[in-house]
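Trainee: What follows is the file model-v4.cif, containing mmCIF, N, CA and C atoms:
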data_protein
#
loop_
_atom_site.label_atom_id
_atom_site.label_comp_id
_atom_site.auth_asym_id
_atom_site.auth_seq_id
_atom_site.Cartn_x
_atom_site.Cartn_y
_atom_site.Cartn_z
N PRO Y 28 -17.38 1.93 -23.46
CA PRO Y 28 -16.77 1.01 -24.43
C PRO Y 28 -15.49 0.40 -23.86
N PRO Y 29 -15.13 -0.79 -24.34
CA PRO Y 29 -13.90 -1.42 -23.86
C PRO Y 29 -12.68 -0.60 -24.25
N GLY Y 30 -11.63 -0.76 -23.45
CA GLY Y 30 -10.38 -0.07 -23.75
C GLY Y 30 -9.76 -0.60 -25.02
N ALA Y 31 -9.06 0.27 -25.73
CA ALA Y 31 -8.45 -0.11 -27.00
C ALA Y 31 -7.24 -1.02 -26.78
N GLU Y 32 -6.50 -0.77 -25.72
CA GLU Y 32 -5.31 -1.58 -25.46
C GLU Y 32 -5.34 -2.06 -24.01
N VAL Y 33 -5.45 -3.36 -23.85
CA VAL Y 33 -5.44 -3.95 -22.52
C VAL Y 33 -4.25 -4.90 -22.47
N ARG Y 34 -3.43 -4.77 -21.43
CA ARG Y 34 -2.29 -5.65 -21.30
C ARG Y 34 -2.02 -5.93 -19.83
N VAL Y 35 -1.40 -7.05 -19.58
CA VAL Y 35 -1.00 -7.41 -18.23
C VAL Y 35 0.26 -6.62 -17.92
N LEU Y 36 0.28 -6.04 -16.75
CA LEU Y 36 1.43 -5.24 -16.33
C LEU Y 36 2.12 -5.97 -15.19
N ALA Y 37 3.36 -6.31 -15.37
CA ALA Y 37 4.13 -7.02 -14.34
C ALA Y 37 4.51 -6.07 -13.21
N ASP Y 38 4.87 -6.67 -12.08
CA ASP Y 38 5.41 -5.89 -10.96
C ASP Y 38 6.59 -5.07 -11.49
N ASP Y 39 6.64 -3.82 -11.13
CA ASP Y 39 7.64 -2.85 -11.59
C ASP Y 39 7.42 -2.43 -13.04
N GLY Y 40 6.30 -2.82 -13.64
CA GLY Y 40 6.00 -2.39 -15.00
C GLY Y 40 5.69 -0.90 -15.02
N VAL Y 41 5.81 -0.30 -16.17
CA VAL Y 41 5.63 1.15 -16.31
C VAL Y 41 4.53 1.45 -17.31
N VAL Y 42 3.69 2.41 -16.94
CA VAL Y 42 2.67 2.95 -17.83
C VAL Y 42 3.02 4.42 -18.05
N GLU Y 43 3.04 4.83 -19.29
CA GLU Y 43 3.33 6.24 -19.59
C GLU Y 43 2.02 6.94 -19.93
N VAL Y 44 1.78 8.04 -19.25
CA VAL Y 44 0.60 8.86 -19.47
C VAL Y 44 1.12 10.29 -19.67
N GLY Y 45 1.15 10.72 -20.92
CA GLY Y 45 1.75 12.02 -21.20
C GLY Y 45 3.18 12.02 -20.70
N PRO Y 46 3.57 13.04 -19.95
CA PRO Y 46 4.95 13.09 -19.46
C PRO Y 46 5.20 12.23 -18.21
N LEU Y 47 4.15 11.66 -17.64
CA LEU Y 47 4.31 10.86 -16.42
C LEU Y 47 4.65 9.42 -16.74
N ARG Y 48 5.54 8.85 -15.93
CA ARG Y 48 5.88 7.43 -16.00
C ARG Y 48 5.48 6.82 -14.67
N LEU Y 49 4.35 6.11 -14.68
CA LEU Y 49 3.84 5.49 -13.46
C LEU Y 49 4.35 4.06 -13.37
N GLN Y 50 4.97 3.73 -12.23
CA GLN Y 50 5.50 2.40 -12.02
C GLN Y 50 4.56 1.62 -11.12
N ALA Y 51 4.16 0.44 -11.57
CA ALA Y 51 3.28 -0.43 -10.78
C ALA Y 51 4.12 -1.20 -9.77
N ILE Y 52 3.60 -1.30 -8.55
CA ILE Y 52 4.25 -2.05 -7.49
C ILE Y 52 3.22 -3.05 -6.95
N ALA Y 53 3.47 -4.34 -7.14
CA ALA Y 53 2.56 -5.35 -6.61
C ALA Y 53 2.62 -5.29 -5.09
N THR Y 54 1.47 -5.08 -4.46
CA THR Y 54 1.41 -4.97 -3.00
C THR Y 54 0.27 -5.80 -2.42
N PRO Y 55 0.34 -7.14 -2.62
CA PRO Y 55 -0.71 -7.98 -2.04
C PRO Y 55 -0.64 -7.94 -0.52
N GLY Y 56 -1.76 -8.11 0.10
CA GLY Y 56 -1.83 -8.10 1.56
C GLY Y 56 -3.27 -7.88 1.97
N HIS Y 57 -3.69 -6.63 1.97
CA HIS Y 57 -5.09 -6.32 2.27
C HIS Y 57 -5.98 -7.08 1.27
N THR Y 58 -5.56 -7.08 0.02
CA THR Y 58 -6.24 -7.80 -1.05
C THR Y 58 -5.17 -8.46 -1.91
N ALA Y 59 -5.42 -9.66 -2.37
CA ALA Y 59 -4.40 -10.43 -3.09
C ALA Y 59 -3.85 -9.70 -4.32
N GLY Y 60 -4.66 -9.01 -5.08
CA GLY Y 60 -4.21 -8.37 -6.31
C GLY Y 60 -3.89 -6.89 -6.19
N SER Y 61 -3.70 -6.41 -5.00
CA SER Y 61 -3.46 -4.96 -4.80
C SER Y 61 -2.23 -4.48 -5.57
N THR Y 62 -2.37 -3.28 -6.10
CA THR Y 62 -1.27 -2.64 -6.81
C THR Y 62 -1.13 -1.23 -6.30
N SER Y 63 0.09 -0.84 -6.02
CA SER Y 63 0.41 0.54 -5.66
C SER Y 63 1.14 1.15 -6.84
N TRP Y 64 1.25 2.47 -6.84
CA TRP Y 64 1.86 3.18 -7.97
C TRP Y 64 2.82 4.23 -7.45
N THR Y 65 3.89 4.47 -8.18
CA THR Y 65 4.82 5.52 -7.83
C THR Y 65 5.22 6.28 -9.10
N TRP Y 66 5.42 7.58 -8.94
CA TRP Y 66 5.84 8.41 -10.07
C TRP Y 66 6.53 9.67 -9.55
N ARG Y 67 7.26 10.31 -10.43
CA ARG Y 67 7.96 11.55 -10.10
C ARG Y 67 7.21 12.68 -10.77
N SER Y 68 6.97 13.73 -10.01
CA SER Y 68 6.27 14.89 -10.53
C SER Y 68 7.08 16.14 -10.22
N CYS Y 69 7.22 16.98 -11.22
CA CYS Y 69 8.03 18.19 -11.07
C CYS Y 69 7.20 19.43 -11.37
N GLU Y 70 7.44 20.46 -10.60
CA GLU Y 70 6.84 21.77 -10.84
C GLU Y 70 7.95 22.79 -10.66
N GLY Y 71 8.22 23.53 -11.74
CA GLY Y 71 9.37 24.43 -11.69
C GLY Y 71 10.63 23.60 -11.52
N GLY Y 72 11.44 23.95 -10.57
CA GLY Y 72 12.66 23.18 -10.31
C GLY Y 72 12.52 22.18 -9.19
N SER Y 73 11.30 22.01 -8.67
CA SER Y 73 11.09 21.10 -7.55
C SER Y 73 10.44 19.81 -8.02
N CYS Y 74 11.09 18.68 -7.73
CA CYS Y 74 10.55 17.37 -8.09
C CYS Y 74 10.27 16.57 -6.82
N LYS Y 75 9.17 15.84 -6.84
CA LYS Y 75 8.77 15.00 -5.71
C LYS Y 75 8.45 13.60 -6.21
N GLN Y 76 8.78 12.61 -5.40
CA GLN Y 76 8.40 11.23 -5.69
C GLN Y 76 7.07 11.00 -4.98
N ILE Y 77 6.05 10.65 -5.75
CA ILE Y 77 4.71 10.45 -5.22
C ILE Y 77 4.40 8.97 -5.22
N VAL Y 78 3.77 8.51 -4.15
CA VAL Y 78 3.38 7.11 -4.03
C VAL Y 78 1.90 7.05 -3.69
N TYR Y 79 1.15 6.32 -4.52
CA TYR Y 79 -0.20 5.89 -4.14
C TYR Y 79 0.00 4.48 -3.61
N ALA Y 80 -0.08 4.31 -2.31
CA ALA Y 80 0.08 2.98 -1.70
C ALA Y 80 -1.30 2.45 -1.36
N ASP Y 81 -1.62 1.30 -1.93
CA ASP Y 81 -2.93 0.70 -1.69
C ASP Y 81 -3.06 0.35 -0.21
N SER Y 82 -4.24 -0.03 0.20
CA SER Y 82 -4.50 -0.32 1.60
C SER Y 82 -3.58 -1.43 2.12
N LEU Y 83 -3.07 -1.24 3.31
CA LEU Y 83 -2.22 -2.22 3.97
C LEU Y 83 -2.87 -2.76 5.24
N THR Y 84 -4.17 -2.58 5.36
CA THR Y 84 -4.88 -2.97 6.57
C THR Y 84 -5.15 -4.47 6.58
N ALA Y 85 -4.75 -5.13 7.67
CA ALA Y 85 -5.03 -6.56 7.85
C ALA Y 85 -6.42 -6.69 8.45
N VAL Y 86 -7.40 -6.76 7.59
CA VAL Y 86 -8.78 -6.83 8.07
C VAL Y 86 -9.51 -7.96 7.34
N SER Y 87 -10.31 -8.70 8.09
CA SER Y 87 -11.15 -9.75 7.52
C SER Y 87 -12.14 -10.15 8.61
N ASP Y 88 -13.04 -11.07 8.25
CA ASP Y 88 -13.91 -11.60 9.30
C ASP Y 88 -13.07 -12.49 10.22
N ASP Y 89 -13.65 -12.94 11.30
CA ASP Y 89 -12.89 -13.73 12.28
C ASP Y 89 -12.60 -15.15 11.81
N VAL Y 90 -13.23 -15.61 10.76
CA VAL Y 90 -13.01 -16.96 10.27
C VAL Y 90 -11.73 -17.02 9.43
N TRP Y 91 -11.46 -15.99 8.65
CA TRP Y 91 -10.27 -15.95 7.79
C TRP Y 91 -9.07 -15.64 8.65
N ARG Y 92 -8.05 -16.50 8.57
CA ARG Y 92 -6.87 -16.34 9.43
C ARG Y 92 -5.64 -16.13 8.57
N TYR Y 93 -4.95 -15.02 8.78
CA TYR Y 93 -3.72 -14.72 8.06
C TYR Y 93 -2.66 -15.78 8.33
N SER Y 94 -2.70 -16.35 9.53
CA SER Y 94 -1.69 -17.32 9.94
C SER Y 94 -1.96 -18.75 9.44
N ASP Y 95 -3.06 -18.97 8.75
CA ASP Y 95 -3.41 -20.31 8.27
C ASP Y 95 -2.77 -20.56 6.91
N ASP Y 96 -1.49 -20.97 6.95
CA ASP Y 96 -0.75 -21.16 5.70
C ASP Y 96 -1.28 -22.34 4.89
N ALA Y 97 -1.89 -23.31 5.55
CA ALA Y 97 -2.46 -24.45 4.81
C ALA Y 97 -3.62 -23.98 3.93
N ALA Y 98 -4.44 -23.06 4.45
CA ALA Y 98 -5.58 -22.56 3.70
C ALA Y 98 -5.19 -21.45 2.72
N HIS Y 99 -4.15 -20.69 3.06
CA HIS Y 99 -3.73 -19.54 2.25
C HIS Y 99 -2.21 -19.58 2.09
N PRO Y 100 -1.71 -20.52 1.28
CA PRO Y 100 -0.26 -20.71 1.17
C PRO Y 100 0.47 -19.44 0.74
N GLY Y 101 1.45 -19.05 1.53
CA GLY Y 101 2.30 -17.92 1.19
C GLY Y 101 1.70 -16.55 1.40
N TYR Y 102 0.45 -16.47 1.80
CA TYR Y 102 -0.23 -15.17 1.90
C TYR Y 102 0.42 -14.26 2.94
N LEU Y 103 0.68 -14.79 4.12
CA LEU Y 103 1.26 -13.98 5.18
C LEU Y 103 2.66 -13.51 4.79
N ASP Y 104 3.46 -14.39 4.20
CA ASP Y 104 4.80 -14.00 3.75
C ASP Y 104 4.72 -12.90 2.69
N ALA Y 105 3.76 -13.02 1.77
CA ALA Y 105 3.59 -12.00 0.73
C ALA Y 105 3.17 -10.66 1.34
N PHE Y 106 2.32 -10.69 2.35
CA PHE Y 106 1.89 -9.47 3.02
C PHE Y 106 3.09 -8.80 3.69
N ARG Y 107 3.90 -9.59 4.37
CA ARG Y 107 5.08 -9.03 5.03
C ARG Y 107 6.06 -8.46 4.01
N LEU Y 108 6.22 -9.13 2.88
CA LEU Y 108 7.08 -8.61 1.81
C LEU Y 108 6.54 -7.28 1.28
N THR Y 109 5.22 -7.19 1.14
CA THR Y 109 4.60 -5.94 0.72
C THR Y 109 4.96 -4.81 1.67
N LEU Y 110 4.89 -5.07 2.96
CA LEU Y 110 5.21 -4.04 3.95
C LEU Y 110 6.66 -3.60 3.82
N ASP Y 111 7.56 -4.55 3.57
CA ASP Y 111 8.97 -4.21 3.34
C ASP Y 111 9.13 -3.34 2.10
N LYS Y 112 8.42 -3.70 1.02
CA LYS Y 112 8.53 -2.94 -0.23
C LYS Y 112 8.03 -1.51 -0.06
N VAL Y 113 6.88 -1.35 0.58
CA VAL Y 113 6.32 -0.01 0.76
C VAL Y 113 7.22 0.83 1.66
N ALA Y 114 7.74 0.24 2.72
CA ALA Y 114 8.63 0.97 3.64
C ALA Y 114 9.88 1.47 2.93
N ALA Y 115 10.35 0.74 1.93
CA ALA Y 115 11.60 1.08 1.24
C ALA Y 115 11.41 2.01 0.05
N LEU Y 116 10.17 2.31 -0.33
CA LEU Y 116 9.94 3.16 -1.50
C LEU Y 116 10.45 4.58 -1.28
N PRO Y 117 11.11 5.16 -2.29
CA PRO Y 117 11.36 6.59 -2.23
C PRO Y 117 10.00 7.28 -2.23
N CYS Y 118 9.76 8.16 -1.28
CA CYS Y 118 8.40 8.62 -1.05
C CYS Y 118 8.41 10.00 -0.42
N ASP Y 119 8.15 11.02 -1.23
CA ASP Y 119 8.02 12.37 -0.69
C ASP Y 119 6.58 12.67 -0.31
N ILE Y 120 5.66 12.20 -1.16
CA ILE Y 120 4.24 12.46 -0.94
C ILE Y 120 3.50 11.13 -1.00
N LEU Y 121 2.78 10.82 0.08
CA LEU Y 121 2.02 9.57 0.16
C LEU Y 121 0.53 9.86 0.00
N ILE Y 122 -0.10 9.04 -0.86
CA ILE Y 122 -1.55 9.08 -1.04
C ILE Y 122 -2.05 7.67 -0.76
N THR Y 123 -3.14 7.55 -0.01
CA THR Y 123 -3.70 6.24 0.32
C THR Y 123 -5.19 6.22 -0.03
N PRO Y 124 -5.77 5.01 -0.22
CA PRO Y 124 -7.18 4.93 -0.58
C PRO Y 124 -8.10 5.42 0.54
N HIS Y 125 -7.65 5.31 1.77
CA HIS Y 125 -8.39 5.84 2.91
C HIS Y 125 -7.61 7.06 3.39
N PRO Y 126 -8.10 8.28 3.11
CA PRO Y 126 -7.33 9.48 3.40
C PRO Y 126 -6.83 9.56 4.85
N SER Y 127 -7.57 9.03 5.79
CA SER Y 127 -7.15 9.10 7.18
C SER Y 127 -5.88 8.29 7.44
N ALA Y 128 -5.61 7.28 6.62
CA ALA Y 128 -4.43 6.43 6.82
C ALA Y 128 -3.14 7.19 6.56
N SER Y 129 -3.21 8.25 5.78
CA SER Y 129 -2.02 9.06 5.49
C SER Y 129 -2.20 10.52 5.88
N ASN Y 130 -3.21 10.79 6.71
CA ASN Y 130 -3.48 12.18 7.14
C ASN Y 130 -3.62 13.14 5.96
N LEU Y 131 -4.21 12.64 4.89
CA LEU Y 131 -4.30 13.42 3.65
C LEU Y 131 -5.03 14.75 3.84
N TRP Y 132 -6.14 14.73 4.56
CA TRP Y 132 -6.94 15.96 4.66
C TRP Y 132 -6.20 17.05 5.44
N SER Y 133 -5.29 16.68 6.31
CA SER Y 133 -4.53 17.71 7.03
C SER Y 133 -3.38 18.25 6.19
N ARG Y 134 -3.14 17.65 5.02
CA ARG Y 134 -2.03 18.07 4.16
C ARG Y 134 -2.47 18.77 2.88
N LEU Y 135 -3.78 18.85 2.64
CA LEU Y 135 -4.27 19.44 1.39
C LEU Y 135 -5.13 20.67 1.63
N GLY Y 136 -5.12 21.56 0.66
CA GLY Y 136 -6.04 22.69 0.67
C GLY Y 136 -5.62 23.84 1.55
N PRO Y 137 -6.45 24.88 1.53
CA PRO Y 137 -6.10 26.10 2.26
C PRO Y 137 -6.10 25.90 3.78
N GLY Y 138 -6.78 24.89 4.29
CA GLY Y 138 -6.81 24.66 5.73
C GLY Y 138 -5.77 23.65 6.19
N ALA Y 139 -4.80 23.32 5.32
CA ALA Y 139 -3.79 22.32 5.67
C ALA Y 139 -3.01 22.74 6.91
N THR Y 140 -2.80 21.79 7.79
CA THR Y 140 -2.05 22.05 9.02
C THR Y 140 -0.73 21.30 9.04
N ALA Y 141 -0.47 20.50 8.01
CA ALA Y 141 0.78 19.74 7.91
C ALA Y 141 1.32 19.88 6.49
N PRO Y 142 2.62 19.74 6.32
CA PRO Y 142 3.17 19.85 4.97
C PRO Y 142 2.72 18.69 4.09
N LEU Y 143 2.53 18.97 2.80
CA LEU Y 143 2.12 17.93 1.85
C LEU Y 143 3.18 16.84 1.76
N ALA Y 144 4.44 17.24 1.69
CA ALA Y 144 5.53 16.28 1.56
C ALA Y 144 6.02 15.85 2.94
N SER Y 145 6.29 14.56 3.04
CA SER Y 145 6.83 13.99 4.28
C SER Y 145 7.66 12.78 3.87
N PRO Y 146 8.97 12.95 3.71
CA PRO Y 146 9.81 11.87 3.17
C PRO Y 146 9.74 10.54 3.92
N GLY Y 147 9.35 10.49 5.16
CA GLY Y 147 9.25 9.23 5.89
C GLY Y 147 7.86 8.63 5.89
N ALA Y 148 6.95 9.17 5.09
CA ALA Y 148 5.55 8.75 5.15
C ALA Y 148 5.33 7.29 4.76
N CYS Y 149 6.00 6.80 3.74
CA CYS Y 149 5.79 5.40 3.33
C CYS Y 149 6.28 4.45 4.41
N ARG Y 150 7.43 4.75 5.00
CA ARG Y 150 7.94 3.89 6.08
C ARG Y 150 6.97 3.90 7.26
N ALA Y 151 6.47 5.07 7.63
CA ALA Y 151 5.54 5.15 8.76
C ALA Y 151 4.25 4.39 8.46
N TYR Y 152 3.74 4.51 7.24
CA TYR Y 152 2.52 3.81 6.84
C TYR Y 152 2.72 2.30 6.93
N ALA Y 153 3.85 1.82 6.41
CA ALA Y 153 4.14 0.38 6.45
C ALA Y 153 4.38 -0.10 7.88
N ASP Y 154 5.07 0.70 8.69
CA ASP Y 154 5.33 0.31 10.08
C ASP Y 154 4.03 0.19 10.87
N GLN Y 155 3.11 1.12 10.68
CA GLN Y 155 1.81 1.05 11.37
C GLN Y 155 1.05 -0.20 10.92
N ALA Y 156 1.10 -0.48 9.62
CA ALA Y 156 0.41 -1.67 9.10
C ALA Y 156 1.04 -2.95 9.64
N ARG Y 157 2.36 -2.96 9.76
CA ARG Y 157 3.05 -4.15 10.28
C ARG Y 157 2.65 -4.40 11.74
N THR Y 158 2.55 -3.34 12.51
CA THR Y 158 2.12 -3.48 13.91
C THR Y 158 0.73 -4.10 13.98
N ARG Y 159 -0.19 -3.62 13.13
CA ARG Y 159 -1.56 -4.15 13.12
C ARG Y 159 -1.58 -5.61 12.65
N LEU Y 160 -0.79 -5.92 11.62
CA LEU Y 160 -0.74 -7.30 11.10
C LEU Y 160 -0.20 -8.24 12.17
N GLU Y 161 0.89 -7.89 12.80
CA GLU Y 161 1.49 -8.78 13.79
C GLU Y 161 0.57 -8.95 15.01
N LYS Y 162 -0.17 -7.91 15.37
CA LYS Y 162 -1.15 -8.04 16.45
C LYS Y 162 -2.25 -9.01 16.03
N ARG Y 163 -2.70 -8.87 14.79
CA ARG Y 163 -3.75 -9.76 14.28
C ARG Y 163 -3.28 -11.22 14.31
N VAL Y 164 -2.06 -11.46 13.85
CA VAL Y 164 -1.52 -12.81 13.82
C VAL Y 164 -1.39 -13.35 15.25
N ALA Y 165 -0.92 -12.52 16.17
CA ALA Y 165 -0.81 -12.95 17.58
C ALA Y 165 -2.19 -13.26 18.15
N ASP Y 166 -3.17 -12.44 17.84
CA ASP Y 166 -4.54 -12.67 18.31
C ASP Y 166 -5.10 -13.98 17.74
N GLU Y 167 -4.77 -14.27 16.48
CA GLU Y 167 -5.22 -15.54 15.89
C GLU Y 167 -4.62 -16.73 16.63
N GLY Y 168 -3.38 -16.60 17.07
CA GLY Y 168 -2.72 -17.67 17.80
C GLY Y 168 -3.31 -17.93 19.17
N SER Y 169 -3.94 -16.90 19.74
CA SER Y 169 -4.53 -17.06 21.07
C SER Y 169 -6.01 -17.39 21.02
N ALA Y 170 -6.59 -17.38 19.82
CA ALA Y 170 -8.02 -17.69 19.67
C ALA Y 170 -8.17 -19.05 19.00
N PRO Y 171 -9.15 -19.82 19.38
CA PRO Y 171 -9.35 -21.12 18.73
C PRO Y 171 -9.78 -20.94 17.27
N ALA Y 172 -9.29 -21.80 16.39
CA ALA Y 172 -9.70 -21.77 14.99
C ALA Y 172 -11.17 -22.14 14.88
N ARG Y 173 -11.85 -21.55 13.93
CA ARG Y 173 -13.27 -21.85 13.73
C ARG Y 173 -13.45 -22.80 12.58
#
For the structure just supplied, provide its representation as structure tokens.

Mentor:
Amino acid sequence: PPGAEVRVLADDGVVEVGPLRLQAIATPGHTAGSTSWTWRSCEGGSCKQIVYADSLTAVSDDVWRYSDDAAHPGYLDAFRLTLDKVAALPCDILITPHPSASNLWSRLGPGATAPLASPGACRAYADQARTRLEKRVADEGSAPAR
């Protein structure tokens, strides 16, 4: 059945679910309408800032060009702004849609080999994505447009 309450949520808007306050972060780049989420979670006296950061991968077919501002006005600038936003987020625990992008499986469960919390994880995730995006843009500049 349809949801009882549907509303548009602006960038930095908040959704309350029980005691959690989830903040929406507009993160266009991989997909134009991507949204990431951040919230604070506490257990006992320990609180962590958790970030679900949507995919930051610059991937498309070879015809679509991130650098083609005439065809996609402002898209590349918005992607770069997204990377800046994600890098600056307070972030103790990072979750990504592709677990390998944040080494999630090595941080969860009884076989974990790395700590769950890593305060620099959002910056590292954004920095890796920026490297891939800039390589993609450079590659587009050296390849003929189709």

Trainee: So which residues are close to (2.6, 3.0, 12.0), meaning at most 12 Å away in the file's coordinates with only C-alpha atoms counted, and can you show them as a list in words?

Mentor: Leu83, Thr84, Leu110, Ala114, Ala128, Ser129, Gly147, Ala148, Cys149, Arg150, Ala151, Tyr152, Ala153, Asp154, Gln155, Ala156, Arg157, Thr158, Arg159, Leu160 and Glu161 of chain Y

Trainee: With DSSP run on the backbone, what are the strand (DSSP E) residues within chain Y? I'd like them as number ranges by chain.

Mentor: Y: 41-44, 47-53, 62-70, 73-79, 120-122

Trainee: For the structure provided, state which residues fall under the PyMOL selection byres (((chain Y and resi 79 and name CA) around 10) and name CA), and present them as a ChimeraX atom specification.

Mentor: /Y:51-52,62-66,77-78,80-82,118,120-124,149

Trainee: If I take CA of Lys112 (chain Y) and atom N of Pro55 (chain Y), how far is one from the other in Å, to one decimal?

Mentor: 9.5 Å

Trainee: For the PyMOL selection byres ((chain Y and resi 144) around 6), applied here, can you spell out every residue it catches as a VMD selection string?

Mentor: chain Y and resid 119 to 120 142 to 143 145 to 146

Trainee: Between CA of Glu43 (chain Y) and atom C of Arg67 (chain Y), what distance in Å does the model show, to one decimal?

Mentor: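 So the two atoms, CA of Glu43 (chain Y) and atom C of Arg67 (chain Y), lie 11.6 Å apart.
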
Trainee: Around all the atoms of region 86-94 of chain Y listed in the file, with 3 Å of room on each side, what axis-aligned box do you get, giving centre and edge lengths in Å to one decimal, as AutoDock Vina command-line options?

Mentor:
--center_x -7.8 --center_y -12.8 --center_z 9.8 --size_x 18.2 --size_y 18.0 --size_z 10.9

Trainee: What does the distance from atom N of Pro46 (chain Y) to atom C of Leu116 (chain Y) come to in Å, to one decimal?

Mentor: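 It comes out at 21.6 Å.
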
Trainee: Counting only N, CA and C atoms, find the residues whose atoms lie at most 8 Å from (5.9, -5.5, -9.8) (file coordinates) and write them out as an NGL selection string.

Mentor: :Y and (36-40 or 50-54)

Trainee: Next, the residues of the selection above should be written as a compact mmCIF listing (two decimals), keeping the file's coordinate frame with N, CA and C atoms.

Mentor:
# COMPACT_ATOMS: atom_id res chain seq x y z
N LEU Y 36 0.28 -6.04 -16.75
CA LEU Y 36 1.43 -5.24 -16.33
C LEU Y 36 2.12 -5.97 -15.19
N ALA Y 37 3.36 -6.31 -15.37
CA ALA Y 37 4.13 -7.02 -14.34
C ALA Y 37 4.51 -6.07 -13.21
N ASP Y 38 4.87 -6.67 -12.08
CA ASP Y 38 5.41 -5.89 -10.96
C ASP Y 38 6.59 -5.07 -11.49
N ASP Y 39 6.64 -3.82 -11.13
CA ASP Y 39 7.64 -2.85 -11.59
C ASP Y 39 7.42 -2.43 -13.04
N GLY Y 40 6.30 -2.82 -13.64
CA GLY Y 40 6.00 -2.39 -15.00
C GLY Y 40 5.69 -0.90 -15.02
N GLN Y 50 4.97 3.73 -12.23
CA GLN Y 50 5.50 2.40 -12.02
C GLN Y 50 4.56 1.62 -11.12
N ALA Y 51 4.16 0.44 -11.57
CA ALA Y 51 3.28 -0.43 -10.78
C ALA Y 51 4.12 -1.20 -9.77
N ILE Y 52 3.60 -1.30 -8.55
CA ILE Y 52 4.25 -2.05 -7.49
C ILE Y 52 3.22 -3.05 -6.95
N ALA Y 53 3.47 -4.34 -7.14
CA ALA Y 53 2.56 -5.35 -6.61
C ALA Y 53 2.62 -5.29 -5.09
N THR Y 54 1.47 -5.08 -4.46
CA THR Y 54 1.41 -4.97 -3.00
C THR Y 54 0.27 -5.80 -2.42

Trainee: What would region 165-170 of chain Y look like with all heavy atoms restored, written as a tab-separated table (two decimals), in the coordinates of the input?

Mentor:
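Dumped to selection_11.tsv:
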chain	number	residue	atom	x	y	z
Y	165	ALA	N	-0.92	-12.52	16.17
Y	165	ALA	CA	-0.81	-12.95	17.58
Y	165	ALA	C	-2.19	-13.26	18.15
Y	165	ALA	O	-2.35	-14.27	18.86
Y	165	ALA	CB	-0.12	-11.86	18.40
Y	166	ASP	N	-3.17	-12.44	17.84
Y	166	ASP	CA	-4.54	-12.67	18.31
Y	166	ASP	C	-5.10	-13.98	17.74
Y	166	ASP	O	-5.81	-14.71	18.43
Y	166	ASP	CB	-5.46	-11.51	17.94
Y	166	ASP	CG	-5.17	-10.24	18.72
Y	166	ASP	OD1	-4.40	-10.30	19.71
Y	166	ASP	OD2	-5.70	-9.18	18.33
Y	167	GLU	N	-4.77	-14.27	16.48
Y	167	GLU	CA	-5.22	-15.54	15.89
Y	167	GLU	C	-4.62	-16.73	16.63
Y	167	GLU	O	-5.28	-17.75	16.80
Y	167	GLU	CB	-4.79	-15.59	14.41
Y	167	GLU	CG	-5.57	-14.67	13.53
Y	167	GLU	CD	-5.07	-14.65	12.10
Y	167	GLU	OE1	-4.14	-15.40	11.73
Y	167	GLU	OE2	-5.61	-13.82	11.32
Y	168	GLY	N	-3.38	-16.60	17.07
Y	168	GLY	CA	-2.72	-17.67	17.80
Y	168	GLY	C	-3.31	-17.93	19.17
Y	168	GLY	O	-3.22	-19.03	19.69
Y	169	SER	N	-3.94	-16.90	19.74
Y	169	SER	CA	-4.53	-17.06	21.07
Y	169	SER	C	-6.01	-17.39	21.02
Y	169	SER	O	-6.61	-17.68	22.03
Y	169	SER	CB	-4.31	-15.79	21.89
Y	169	SER	OG	-5.00	-14.70	21.30
Y	170	ALA	N	-6.59	-17.38	19.82
Y	170	ALA	CA	-8.02	-17.69	19.67
Y	170	ALA	C	-8.17	-19.05	19.00
Y	170	ALA	O	-7.39	-19.39	18.11
Y	170	ALA	CB	-8.70	-16.62	18.83
